Amino acid sequence: MDIIVVSMLLLSCITNGVESINGGRPPVITAHPSTQMAYKEFDAVELPCDASGFPKPQFFWEKDGLQLNTTNDFVRDNSSGKLTIKKATAAVADGVYQCFASNSFGVAVTQKTTLKRAELSTFPTAEAKSFFPSIGDKLTLNCTPPPSYPAATIYWGKSKPGTKLQSIDNSKRVSLDYHGNLYFSNVLKDDYVEENQNYVCIAEQLMLRTLVQGDDRIVRQPGNDSAHFTYHPPALMWSSPTTFIAIREQTARMKCIFSGNPTPTVSWKRINNSPLPEKVINDSFGQELVIPRVNVSDAGLYQCTGNNTITGPFISHNFTLTVEAAPYWIHGEAPKDINASEDDTVEFECSVAGSPNPTVVWTINGRPLSEAEPNSRRVISGNRVKFSTVEKNDSQVFQCLASNHHGSIMANAYLFVRAEKPSVLESLPKLTKVPEEKTVTLMCRMDGAPKPVITWHRGHDKRPLSRHRFRILPTGDLEITNPDTEDSDMYFCTGKNKFDEETVHGELVVRRKTQIVQPPRSQSVNVSERVEFTCRADTDPKELSNLNVTWHKNNQPLVIGDRLVIDRARVSDSGTFTCQATNDVDTSEATAVLIVKDRPNPPTNIRITGCLSTRAELSWTAGEDNNDPIVAYVVYYNASYDPPEGYHVGARVNRTSATVRHLRPWANYTFQVTAQNGLGTSDRSGFSSGSCSTLQEKPHSNPTGVCTRNGNPQELVITWKPMHRSEYNGEGFHYSVSYQRWSFDAEVGVGENMSKKVYNSSELVVKNQEIYKRYRISVLAVNNVGSAPVRGNLVHYGYSSEGVPTVTPMNFRHDNETLNSTSVTFLWDPVDDSPEAINGRFLGYRVFFWRQNFPDDVRTEDKSINSPADPCPTADDRGQRRVRSRRSSSDSVTLTTHRLWGGASIVASAVVVNGASTGDRSNTVEFDTPEGVPDMVNTLEVVERGAHHLKIEWTVPLEVNGKLTHYYCGYVGAPNRTHMCHVDALRTTAKIHGLSPNLTYQLFIEAHTSAGAGPRKYVYGTTLPLSGLRPDVPKIEEPELGETFAVIKWRSSVHAQPKNPASSFHVEYEIKDSKEVNHSEKETQHNWINLTDLNPGKQYRVAVVASNPAGESSRSEPKEFILGKSDEPVLHSAEQNLWWLILLILLFLLLLIIIIILCCIRHRRQGKYAVYEKEKLHGCNTDTTNEEPTFGEYTKSAVPTLQAPQEGSMDSIIKPLESDSNSLAEYEETDPMKFNEDGSFIGQYGGQKKEAALDQNAPFATIV
């Protein structure tokens, strides 16, 4: 070591002169190892060490005070001083290490590091110990942990062969001391171990990832213990040392473990009546007091107390805490490095403190002062080192080591003596522009050793600075106070020392200062209003092009320009706006304040300060008023029976407290508050903290709407309007319902007065009562406090449920004289309308009628005889008596309906109606209505628009009332002139031609039967304007081909939505490679044309030409196809013709047989049609009478319920489901050369049955 240090010092003497001129720096430690380190045997160990400096430092290590040579065991990193022990063992690695970094200016050292092998010994072997505590007794299980480095973690567990170790969790009752002993404050039955189970102490070494197990401890229940629970007063089982010293900035711990049953609770305090430090932590379930980062103010007396509140008395234990300190830097500042010039005087100070006071030792370049070369200019006095008149060879590194018995600290501080010519550190720029009257500093900072002397001159002739406003600062900068334009010039700065001098220069330009000539004005606006600020500025003419105006809000930049506009102002826009004018030389500012007003923010911190039986007292914190004063608050309340958003106004006040009165009993109330100012009302606040619960009271009122309703027969159903939850007023709320059978004819009771309690319902169903009897009823509200007071008459009269009428209308018939396509009059004999016959209140009759072919489509008409009376009068209103019709029994009852179907076979019947049900059906009547006019078409819309045509599309009427023959479509022209066109009944589209461009037309369509025209349906459509463009190009679709014909179909446009559709189309066709082009007729309605008389087997080319009245046309892309081949063999022989004849005869015979069978079946069932049986075959439930429509209500979907016939044949039951009108005529083949609207063969659909009421055998027609 001595040789190395001397070598370094000699090298310093040789090179210091050169390096001090060229620059250098002593070594500074930048990385070092920890003061304590452990390792796993045979692992590689790294000790970091690195340093900065110039020249680059060289590194070496010492171990146990001796220089460490690099061997096979020790390897040092080439780029740093890091030391690696490749395979660490105790013999090689254990020891104290220190790293040294040196260059020509000195030696820096790290703190010493102790390196030691990690280890964990085993527990000494001993016999298992057994303990037999009673339940409730205290118990201590001792543990002597084996030696370990680093310290092992100690815990306990239950061990049993063949099972996993069961760890013991620490708790308030079971805890560990600092040595690993286990304490039970009281023993529970669960603490006893099972057979072959033991308590064991575990020591775990985390670094080695291993653990060892101590001796077994057996805890069993004594043989004579009755397992009774025994109380024990608190007693101290263990405590940490009573008097102890804690080290400053470390953690102080005190712990008390108390026994007792029940388990004592541990509390802590300071004995001098001062509070515990705020930073303390109660750990280990309150048994341990932890003081992190302890300091001198934490010293004193502390006390722990154990108390279980049952057995008493409490037990206390005191601790005395003394705080001392390992050495530490005062104000956290270690000795500082010093860069000095020759002839300077420097001083190093090692400012340390500690308790006890630390000893300070100085070393130089890692060696004791006794080994350093004597120097009369260096004086060491305690913790100070002073160097006078330093020389360039005095560069060295000092080490300050401070220590006491609690520890030590060390720091390096170097002295670097420099000898350098002046060099520029920071210079004034080439050009500096400043405004007049603003003090300017021209920077000139130079470095050198000795420190250069700075002088300033101005102008190229380097005139001295004579004006009093010029001052050279200690840094070398030139300060010019209140400059004016005459100060504009070139300025020179010169730095000089004994080695050389250095000069820099720059130009100063002084401009006229910038000014705001039109500042913005402050404004106050409402939210969402428009705000505009204006700011105009002036500056030196030479800088006018550089002038910019920018805006800032609360010092945050916004926009550039002399205007600032806020379109919809918000409250957050309020603030101070600054207009800043700058020209890159100076800046001028003006400010304006914007106040944006809005409705206030919601109040906060809603508190319930008082809760009484019928009122609550509240207070809250006002929210932001958003720049407009709050004038009022509104308090809302919500009770537990309200929905979450069901809030009610409770109070209006102008302060931040209120009393809400008239609260309902037995409810939990929460509150919200809104604030109001001149601009509106805030949102609601958050909910109040907590709730106000009011006391119970008896109900204040009884239910209303007491009545009876129809239920099942032989039931009395009493109903009432349910009371709201807010009216319950207490627990046990229910209704007390009383009822008594009451005479129809006299105001006397017939039976016993009954009473029942009803919970959670608003009706009472009483079974086994006679049908339609009168009752006297009442309902009271009751809770656990009492019943509601009786106000007024609570008694009502009601009736038990009605039954099914027992009478049926007789001699039901229709008046043929009144029959037309939509109306007829029905007649029947009146029935016995007594309550006994009606089984209820007689309301009247209901007539059902339907079409034979559509038995599911039923219509009804009601004949009212008696209107419903008040169902539940009070006792003050005696109510209805028996209701009897005044009609003579000889008079017929009549009913006229105007809702028949035209041209249909109608079936009808009648029933009796009471308040609950209908009786059995009467006999049925059948009749045919003459054909009527159809309804309006169901829908109508314009589906295509051209300049000269409009295309409409519709759906057939819902009710045809016969058979459609045709449609008339057209439009209403001016003046009120109607233009019409005829449309075949099977069509649902039509094009209306001859229209003018860009006009709106009122289009119509009306359906016709043989009885006449139905109502018109109108739609408006607007033609396209004349565009001068050719019509859309059509697109040919796949044609339908025969041997001699082809159906050519197309779409009006190649576009998905036509833009300019044509009015008419025709087809150009030719045989491929021929020169003869044929033209079809023009088609104005359909998008298809049938080409006939074509040559079989030929290849044709076709194109569709679209035209409009203006003469423009467009031609589609051509399409080619080949008709059926003409060279296929054709049967012309007599034998082939004979087979065709035989086949046709057989088909004719089969058809004749089928017709004869159908005629026979029809003949057998004529006059014996049974509606009841047919409905059953159609799935109608004819036996249900309780699902009738309400009297007077029209229903279209109700199924007629018919009385089963008394006679009928089996044929009437098994007849087919189809209508009698079905025949082979419906499947008759049609002309194959006729086509549907889409261009497909009509003939191919000829066998399909139509549900619409159209004439199936009518000839197909086209538009005329």
# chains A, B, ... in the order shown; residues from 1 in each chain; ligands from 1
call {"tool": "select_by_dssp", "arguments": {"residues": "segment 930-1108 of chain A", "states": "strand (DSSP E)", "output": "compact mmCIF listing (two decimals) with N, CA, C and O atoms, in the first residue's frame"}}
result
# COMPACT_ATOMS: atom_id res chain seq x y z
N LEU A 940 -100.92 2.65 -49.90
CA LEU A 940 -100.67 3.23 -51.22
C LEU A 940 -99.41 4.09 -51.11
O LEU A 940 -99.30 4.92 -50.21
N GLU A 941 -98.47 3.88 -52.05
CA GLU A 941 -97.26 4.68 -52.03
C GLU A 941 -96.73 4.83 -53.45
O GLU A 941 -97.03 4.03 -54.34
N VAL A 942 -95.93 5.88 -53.64
CA VAL A 942 -95.26 6.12 -54.91
C VAL A 942 -93.91 5.42 -54.86
O VAL A 942 -93.10 5.67 -53.96
N VAL A 943 -93.69 4.49 -55.81
CA VAL A 943 -92.47 3.69 -55.77
C VAL A 943 -91.49 4.08 -56.87
O VAL A 943 -90.35 3.64 -56.85
N GLU A 944 -91.92 4.90 -57.85
CA GLU A 944 -91.00 5.31 -58.90
C GLU A 944 -91.45 6.66 -59.42
O GLU A 944 -92.64 6.91 -59.62
N ARG A 945 -90.46 7.56 -59.66
CA ARG A 945 -90.76 8.90 -60.15
C ARG A 945 -89.97 9.18 -61.41
O ARG A 945 -88.77 8.96 -61.46
N LEU A 950 -95.49 8.63 -62.93
CA LEU A 950 -95.33 8.19 -61.53
C LEU A 950 -95.85 6.78 -61.44
O LEU A 950 -96.91 6.45 -62.01
N LYS A 951 -95.12 5.93 -60.71
CA LYS A 951 -95.55 4.55 -60.52
C LYS A 951 -96.02 4.39 -59.08
O LYS A 951 -95.32 4.79 -58.13
N ILE A 952 -97.24 3.82 -58.92
CA ILE A 952 -97.78 3.62 -57.58
C ILE A 952 -97.89 2.13 -57.29
O ILE A 952 -97.98 1.31 -58.23
N GLU A 953 -97.92 1.80 -56.01
CA GLU A 953 -98.06 0.41 -55.58
C GLU A 953 -98.99 0.41 -54.37
O GLU A 953 -98.91 1.30 -53.51
N TRP A 954 -99.89 -0.59 -54.28
CA TRP A 954 -100.85 -0.65 -53.19
C TRP A 954 -101.02 -2.08 -52.73
O TRP A 954 -100.53 -3.03 -53.35
N LEU A 964 -113.33 -8.71 -56.05
CA LEU A 964 -112.78 -7.57 -56.78
C LEU A 964 -112.92 -7.81 -58.28
O LEU A 964 -112.60 -8.90 -58.78
N THR A 965 -113.35 -6.79 -58.99
CA THR A 965 -113.43 -6.88 -60.45
C THR A 965 -112.31 -6.09 -61.12
O THR A 965 -111.76 -6.51 -62.13
N HIS A 966 -111.95 -4.92 -60.55
CA HIS A 966 -110.89 -4.10 -61.11
C HIS A 966 -110.61 -2.94 -60.16
O HIS A 966 -111.27 -2.79 -59.12
N TYR A 967 -109.61 -2.13 -60.54
CA TYR A 967 -109.28 -0.90 -59.84
C TYR A 967 -109.36 0.27 -60.81
O TYR A 967 -109.18 0.10 -62.02
N TYR A 968 -109.64 1.43 -60.26
CA TYR A 968 -109.45 2.66 -61.01
C TYR A 968 -108.36 3.46 -60.30
O TYR A 968 -108.41 3.65 -59.07
N CYS A 969 -107.36 3.90 -61.09
CA CYS A 969 -106.33 4.75 -60.54
C CYS A 969 -106.25 6.01 -61.37
O CYS A 969 -106.78 6.06 -62.48
N GLY A 970 -105.60 7.02 -60.86
CA GLY A 970 -105.47 8.25 -61.61
C GLY A 970 -104.99 9.38 -60.74
O GLY A 970 -104.39 9.17 -59.69
N TYR A 971 -105.26 10.59 -61.21
CA TYR A 971 -104.84 11.75 -60.45
C TYR A 971 -105.85 12.86 -60.66
O TYR A 971 -106.63 12.86 -61.61
N VAL A 972 -105.84 13.80 -59.71
CA VAL A 972 -106.75 14.93 -59.77
C VAL A 972 -105.99 16.09 -60.38
O VAL A 972 -104.97 16.54 -59.83
N GLY A 973 -106.43 16.55 -61.53
CA GLY A 973 -105.78 17.68 -62.19
C GLY A 973 -106.51 18.97 -61.92
O GLY A 973 -107.49 19.04 -61.18
N ARG A 977 -110.23 18.34 -62.18
CA ARG A 977 -110.53 17.37 -63.23
C ARG A 977 -109.82 16.06 -62.89
O ARG A 977 -108.63 16.07 -62.57
N THR A 978 -110.56 14.95 -62.99
CA THR A 978 -110.01 13.65 -62.61
C THR A 978 -109.62 12.88 -63.86
O THR A 978 -110.41 12.74 -64.80
N HIS A 979 -108.39 12.39 -63.87
CA HIS A 979 -107.88 11.55 -64.95
C HIS A 979 -107.79 10.14 -64.40
O HIS A 979 -107.13 9.90 -63.38
N MET A 980 -108.44 9.17 -65.07
CA MET A 980 -108.53 7.83 -64.51
C MET A 980 -108.00 6.81 -65.50
O MET A 980 -108.00 7.02 -66.72
N CYS A 981 -107.56 5.66 -64.93
CA CYS A 981 -107.12 4.53 -65.73
C CYS A 981 -107.64 3.25 -65.10
O CYS A 981 -107.79 3.17 -63.88
N HIS A 982 -107.90 2.25 -65.91
CA HIS A 982 -108.46 0.98 -65.46
C HIS A 982 -107.33 -0.01 -65.20
O HIS A 982 -106.43 -0.15 -66.03
N VAL A 983 -107.39 -0.73 -64.04
CA VAL A 983 -106.34 -1.68 -63.66
C VAL A 983 -107.00 -3.00 -63.34
O VAL A 983 -108.02 -3.06 -62.63
N ASP A 984 -106.43 -4.10 -63.85
CA ASP A 984 -106.94 -5.43 -63.58
C ASP A 984 -106.92 -5.73 -62.08
O ASP A 984 -106.07 -5.25 -61.34
N THR A 989 -99.81 -2.74 -58.96
CA THR A 989 -98.96 -1.61 -59.36
C THR A 989 -99.52 -1.02 -60.64
O THR A 989 -100.20 -1.72 -61.42
N ALA A 990 -99.22 0.25 -60.85
CA ALA A 990 -99.63 0.90 -62.10
C ALA A 990 -98.77 2.13 -62.32
O ALA A 990 -98.36 2.79 -61.37
N LYS A 991 -98.49 2.40 -63.60
CA LYS A 991 -97.80 3.63 -63.98
C LYS A 991 -98.82 4.61 -64.54
O LYS A 991 -99.65 4.25 -65.38
N ILE A 992 -98.74 5.84 -64.06
CA ILE A 992 -99.63 6.89 -64.53
C ILE A 992 -98.81 7.83 -65.42
O ILE A 992 -97.84 8.44 -64.96
N THR A 1000 -96.37 18.44 -58.40
CA THR A 1000 -96.89 17.53 -57.38
C THR A 1000 -98.32 17.18 -57.74
O THR A 1000 -99.15 18.07 -57.99
N TYR A 1001 -98.63 15.89 -57.77
CA TYR A 1001 -99.96 15.39 -58.14
C TYR A 1001 -100.58 14.68 -56.96
O TYR A 1001 -99.89 14.03 -56.16
N GLN A 1002 -101.91 14.78 -56.91
CA GLN A 1002 -102.68 14.00 -55.93
C GLN A 1002 -103.16 12.74 -56.64
O GLN A 1002 -104.07 12.78 -57.45
N LEU A 1003 -102.52 11.62 -56.34
CA LEU A 1003 -102.82 10.35 -56.97
C LEU A 1003 -103.82 9.59 -56.13
O LEU A 1003 -103.90 9.77 -54.90
N PHE A 1004 -104.59 8.69 -56.78
CA PHE A 1004 -105.58 7.91 -56.02
C PHE A 1004 -105.70 6.53 -56.61
O PHE A 1004 -105.31 6.27 -57.76
N ILE A 1005 -106.30 5.64 -55.82
CA ILE A 1005 -106.66 4.29 -56.27
C ILE A 1005 -107.95 3.92 -55.56
O ILE A 1005 -108.14 4.24 -54.38
N GLU A 1006 -108.89 3.28 -56.29
CA GLU A 1006 -110.12 2.81 -55.68
C GLU A 1006 -110.40 1.41 -56.19
O GLU A 1006 -110.15 1.08 -57.36
N ALA A 1007 -110.87 0.54 -55.28
CA ALA A 1007 -111.19 -0.85 -55.63
C ALA A 1007 -112.66 -0.95 -56.00
O ALA A 1007 -113.51 -0.22 -55.46
N HIS A 1008 -112.96 -1.89 -56.89
CA HIS A 1008 -114.33 -2.08 -57.38
C HIS A 1008 -114.75 -3.52 -57.23
O HIS A 1008 -113.96 -4.45 -57.42
N THR A 1009 -116.01 -3.72 -56.84
CA THR A 1009 -116.70 -5.00 -56.97
C THR A 1009 -117.89 -4.76 -57.88
O THR A 1009 -118.13 -3.64 -58.36
N GLY A 1012 -120.03 -1.84 -56.84
CA GLY A 1012 -119.60 -0.47 -57.02
C GLY A 1012 -118.20 -0.22 -56.52
O GLY A 1012 -117.44 -1.17 -56.23
N ALA A 1013 -117.84 1.07 -56.41
CA ALA A 1013 -116.48 1.48 -56.04
C ALA A 1013 -116.37 1.72 -54.54
O ALA A 1013 -117.29 2.25 -53.91
N LYS A 1017 -108.23 6.05 -51.92
CA LYS A 1017 -107.08 6.35 -51.07
C LYS A 1017 -106.14 7.24 -51.88
O LYS A 1017 -105.86 6.96 -53.05
N TYR A 1018 -105.67 8.32 -51.25
CA TYR A 1018 -104.87 9.32 -51.95
C TYR A 1018 -103.43 9.28 -51.47
O TYR A 1018 -103.14 8.91 -50.33
N VAL A 1019 -102.55 9.70 -52.37
CA VAL A 1019 -101.16 9.90 -52.03
C VAL A 1019 -100.62 11.01 -52.93
O VAL A 1019 -101.08 11.15 -54.08
N TYR A 1020 -99.70 11.78 -52.42
CA TYR A 1020 -99.10 12.85 -53.22
C TYR A 1020 -97.77 12.37 -53.79
O TYR A 1020 -96.98 11.70 -53.10
N GLY A 1021 -97.51 12.72 -55.04
CA GLY A 1021 -96.25 12.39 -55.68
C GLY A 1021 -95.78 13.53 -56.55
O GLY A 1021 -96.60 14.23 -57.17
N THR A 1022 -94.49 13.74 -56.60
CA THR A 1022 -93.92 14.84 -57.39
C THR A 1022 -93.05 14.26 -58.50
O THR A 1022 -92.16 13.43 -58.24
N LYS A 1035 -81.36 -2.77 -66.96
CA LYS A 1035 -80.51 -3.95 -66.80
C LYS A 1035 -81.35 -5.19 -67.02
O LYS A 1035 -82.37 -5.41 -66.35
N ILE A 1036 -80.95 -6.01 -68.03
CA ILE A 1036 -81.70 -7.21 -68.39
C ILE A 1036 -81.43 -8.29 -67.34
O ILE A 1036 -80.29 -8.52 -66.93
N GLU A 1040 -87.06 -15.98 -69.33
CA GLU A 1040 -87.72 -17.28 -69.29
C GLU A 1040 -87.91 -17.74 -70.74
O GLU A 1040 -88.49 -17.01 -71.56
N LEU A 1041 -87.46 -18.93 -71.04
CA LEU A 1041 -87.37 -19.38 -72.43
C LEU A 1041 -88.28 -20.57 -72.68
O LEU A 1041 -88.44 -21.45 -71.80
N ALA A 1046 -89.82 -16.20 -75.71
CA ALA A 1046 -88.89 -15.77 -74.65
C ALA A 1046 -89.51 -14.58 -73.91
O ALA A 1046 -89.99 -13.64 -74.56
N VAL A 1047 -89.54 -14.68 -72.60
CA VAL A 1047 -90.02 -13.57 -71.78
C VAL A 1047 -88.79 -12.77 -71.33
O VAL A 1047 -87.97 -13.26 -70.55
N ILE A 1048 -88.68 -11.55 -71.84
CA ILE A 1048 -87.53 -10.70 -71.53
C ILE A 1048 -87.92 -9.79 -70.36
O ILE A 1048 -88.90 -9.04 -70.44
N LYS A 1049 -87.17 -9.88 -69.27
CA LYS A 1049 -87.44 -9.09 -68.06
C LYS A 1049 -86.24 -8.18 -67.79
O LYS A 1049 -85.11 -8.52 -68.12
N TRP A 1050 -86.50 -7.04 -67.18
CA TRP A 1050 -85.43 -6.08 -66.91
C TRP A 1050 -85.75 -5.27 -65.65
O TRP A 1050 -86.89 -5.24 -65.18
N ARG A 1051 -84.70 -4.63 -65.14
CA ARG A 1051 -84.85 -3.63 -64.08
C ARG A 1051 -84.77 -2.26 -64.72
O ARG A 1051 -84.06 -2.05 -65.69
N SER A 1064 -91.24 4.45 -71.01
CA SER A 1064 -91.62 3.27 -71.79
C SER A 1064 -90.36 2.50 -72.18
O SER A 1064 -89.24 3.04 -72.15
N PHE A 1065 -90.59 1.22 -72.56
CA PHE A 1065 -89.49 0.35 -72.93
C PHE A 1065 -89.93 -0.47 -74.15
O PHE A 1065 -91.13 -0.75 -74.34
N HIS A 1066 -88.97 -0.83 -74.99
CA HIS A 1066 -89.22 -1.85 -76.00
C HIS A 1066 -87.95 -2.67 -76.17
O HIS A 1066 -86.86 -2.28 -75.71
N VAL A 1067 -88.11 -3.83 -76.83
CA VAL A 1067 -87.01 -4.79 -76.95
C VAL A 1067 -86.58 -4.85 -78.41
O VAL A 1067 -87.42 -4.98 -79.32
N GLU A 1068 -85.26 -4.74 -78.62
CA GLU A 1068 -84.66 -5.00 -79.92
C GLU A 1068 -84.06 -6.39 -79.88
O GLU A 1068 -83.31 -6.72 -78.95
N TYR A 1069 -84.40 -7.23 -80.89
CA TYR A 1069 -83.89 -8.61 -80.88
C TYR A 1069 -83.56 -9.04 -82.30
O TYR A 1069 -84.17 -8.61 -83.27
N GLU A 1070 -82.59 -9.93 -82.38
CA GLU A 1070 -82.14 -10.44 -83.68
C GLU A 1070 -81.48 -11.78 -83.49
O GLU A 1070 -80.98 -12.11 -82.41
N ILE A 1071 -81.53 -12.55 -84.55
CA ILE A 1071 -80.76 -13.80 -84.54
C ILE A 1071 -79.30 -13.44 -84.71
O ILE A 1071 -78.95 -12.60 -85.54
N ASN A 1078 -85.32 -6.78 -85.09
CA ASN A 1078 -86.75 -6.67 -84.85
C ASN A 1078 -87.01 -5.81 -83.62
O ASN A 1078 -86.19 -5.74 -82.69
N HIS A 1079 -88.17 -5.16 -83.59
CA HIS A 1079 -88.55 -4.29 -82.47
C HIS A 1079 -89.89 -4.73 -81.92
O HIS A 1079 -90.84 -4.96 -82.69
N TRP A 1088 -91.49 -6.30 -68.36
CA TRP A 1088 -91.26 -7.51 -69.14
C TRP A 1088 -92.03 -7.44 -70.46
O TRP A 1088 -93.03 -6.74 -70.57
N ILE A 1089 -91.54 -8.15 -71.45
CA ILE A 1089 -92.20 -8.27 -72.77
C ILE A 1089 -92.03 -9.71 -73.23
O ILE A 1089 -90.94 -10.30 -73.10
N ASN A 1090 -93.10 -10.27 -73.79
CA ASN A 1090 -93.08 -11.65 -74.29
C ASN A 1090 -92.83 -11.62 -75.81
O ASN A 1090 -93.62 -11.05 -76.57
N LEU A 1091 -91.71 -12.18 -76.20
CA LEU A 1091 -91.38 -12.29 -77.63
C LEU A 1091 -91.86 -13.65 -78.11
O LEU A 1091 -91.47 -14.69 -77.56
N GLN A 1099 -79.78 -18.88 -81.74
CA GLN A 1099 -79.17 -18.01 -80.73
C GLN A 1099 -79.58 -16.57 -81.01
O GLN A 1099 -79.35 -16.05 -82.10
N TYR A 1100 -80.24 -15.97 -80.00
CA TYR A 1100 -80.74 -14.62 -80.15
C TYR A 1100 -79.93 -13.65 -79.30
O TYR A 1100 -79.40 -14.01 -78.26
N ARG A 1101 -79.89 -12.42 -79.82
CA ARG A 1101 -79.29 -11.32 -79.05
C ARG A 1101 -80.38 -10.26 -78.85
O ARG A 1101 -81.03 -9.86 -79.79
N VAL A 1102 -80.57 -9.85 -77.56
CA VAL A 1102 -81.63 -8.90 -77.25
C VAL A 1102 -81.03 -7.72 -76.48
O VAL A 1102 -80.00 -7.86 -75.80
N ALA A 1103 -81.70 -6.58 -76.58
CA ALA A 1103 -81.36 -5.40 -75.79
C ALA A 1103 -82.65 -4.67 -75.47
O ALA A 1103 -83.61 -4.69 -76.27
N VAL A 1104 -82.71 -4.03 -74.31
CA VAL A 1104 -83.88 -3.26 -73.89
C VAL A 1104 -83.57 -1.79 -74.08
O VAL A 1104 -82.52 -1.30 -73.63
N VAL A 1105 -84.49 -1.08 -74.72
CA VAL A 1105 -84.33 0.35 -74.99
C VAL A 1105 -85.32 1.12 -74.12
O VAL A 1105 -86.52 0.83 -74.13
N ALA A 1106 -84.80 2.03 -73.28
CA ALA A 1106 -85.62 2.88 -72.42
C ALA A 1106 -85.81 4.22 -73.08
O ALA A 1106 -84.85 4.82 -73.59
N SER A 1107 -87.06 4.75 -73.07
CA SER A 1107 -87.37 6.01 -73.74
C SER A 1107 -88.20 6.89 -72.83
O SER A 1107 -88.86 6.41 -71.90
call {"tool": "select_by_dssp", "arguments": {"residues": "segment 376-495 of chain A", "states": "helix (DSSP H, G or I)", "output": "MDAnalysis selection string"}}
result
chainID A and resid 392:394 485:487
call {"tool": "residues_around", "arguments": {"residues": "segment 425-431 of chain A", "least_positions_apart": "6", "cutoff": "8 Å", "atoms": "only C-alpha atoms", "output": "PDB file with C-alpha atoms, in the first residue's frame"}}
result
ATOM      1  CA  LEU A 442     -24.319  41.796 -20.561  1.00  0.00           C
ATOM      2  CA  MET A 443     -22.875  38.463 -19.470  1.00  0.00           C
ATOM      3  CA  CYS A 444     -19.166  37.809 -19.357  1.00  0.00           C
ATOM      4  CA  ARG A 445     -17.986  34.959 -17.154  1.00  0.00           C
ATOM      5  CA  MET A 446     -14.508  33.532 -17.317  1.00  0.00           C
ATOM      6  CA  ASP A 447     -12.642  30.818 -15.541  1.00  0.00           C
ATOM      7  CA  VAL A 504     -15.142  38.661 -26.144  1.00  0.00           C
ATOM      8  CA  HIS A 505     -17.546  41.231 -27.614  1.00  0.00           C
ATOM      9  CA  GLY A 506     -21.170  41.772 -28.651  1.00  0.00           C
ATOM     10  CA  GLU A 507     -23.488  44.513 -29.879  1.00  0.00           C
ATOM     11  CA  LEU A 508     -26.159  46.196 -27.736  1.00  0.00           C
ATOM     12  CA  VAL A 509     -29.216  47.753 -29.472  1.00  0.00           C
TER      13      VAL A 509
END
call {"tool": "residues_around", "arguments": {"residues": "Phe244 of chain A", "least_positions_apart": "3", "cutoff": "9 Å", "atoms": "only C-alpha atoms", "output": "list in words"}}
result
Ser240, Pro241, Phe319, Thr320, Leu321, Thr322 and Val323 of chain A
call {"tool": "closest_residue", "arguments": {"among": "A:Ser1052, A:Thr481, A:Thr359, A:Ser351", "to": "Arg384 of chain A", "atoms": "only C-alpha atoms"}}
result
A:Ser351
call {"tool": "residues_around", "arguments": {"residues": "Ile330 of chain A", "least_positions_apart": "2", "cutoff": "8 Å", "atoms": "only C-alpha atoms", "output": "mmCIF file with N, CA, C and O atoms, in the first residue's frame"}}
result
data_model
loop_
_atom_site.group_PDB
_atom_site.id
_atom_site.type_symbol
_atom_site.label_atom_id
_atom_site.label_comp_id
_atom_site.auth_asym_id
_atom_site.auth_seq_id
_atom_site.Cartn_x
_atom_site.Cartn_y
_atom_site.Cartn_z
ATOM 1 N N TYR A 328 -23.635 11.371 12.573
ATOM 2 C CA TYR A 328 -24.377 11.807 11.392
ATOM 3 C C TYR A 328 -23.900 13.207 11.023
ATOM 4 O O TYR A 328 -23.368 13.937 11.852
ATOM 5 N N GLY A 332 -27.015 17.316 7.281
ATOM 6 C CA GLY A 332 -26.885 16.376 6.178
ATOM 7 C C GLY A 332 -25.770 16.688 5.220
ATOM 8 O O GLY A 332 -25.745 16.167 4.104
ATOM 9 N N GLU A 333 -24.807 17.529 5.632
ATOM 10 C CA GLU A 333 -23.757 17.959 4.708
ATOM 11 C C GLU A 333 -22.419 17.356 5.121
ATOM 12 O O GLU A 333 -21.896 17.618 6.215
ATOM 13 N N ALA A 334 -21.866 16.524 4.246
ATOM 14 C CA ALA A 334 -20.524 15.972 4.428
ATOM 15 C C ALA A 334 -19.512 17.008 3.934
ATOM 16 O O ALA A 334 -19.871 17.997 3.288
ATOM 17 N N SER A 351 -18.374 18.356 9.777
ATOM 18 C CA SER A 351 -19.420 18.755 10.714
ATOM 19 C C SER A 351 -20.264 17.538 11.055
ATOM 20 O O SER A 351 -21.161 17.146 10.306
ATOM 21 N N VAL A 352 -19.983 16.906 12.205
ATOM 22 C CA VAL A 352 -20.691 15.700 12.617
ATOM 23 C C VAL A 352 -21.259 15.887 14.005
ATOM 24 O O VAL A 352 -20.826 16.761 14.775
ATOM 25 N N ALA A 353 -22.238 15.077 14.314
ATOM 26 C CA ALA A 353 -22.818 15.035 15.654
ATOM 27 C C ALA A 353 -23.153 13.602 15.961
ATOM 28 O O ALA A 353 -23.193 12.737 15.083
#
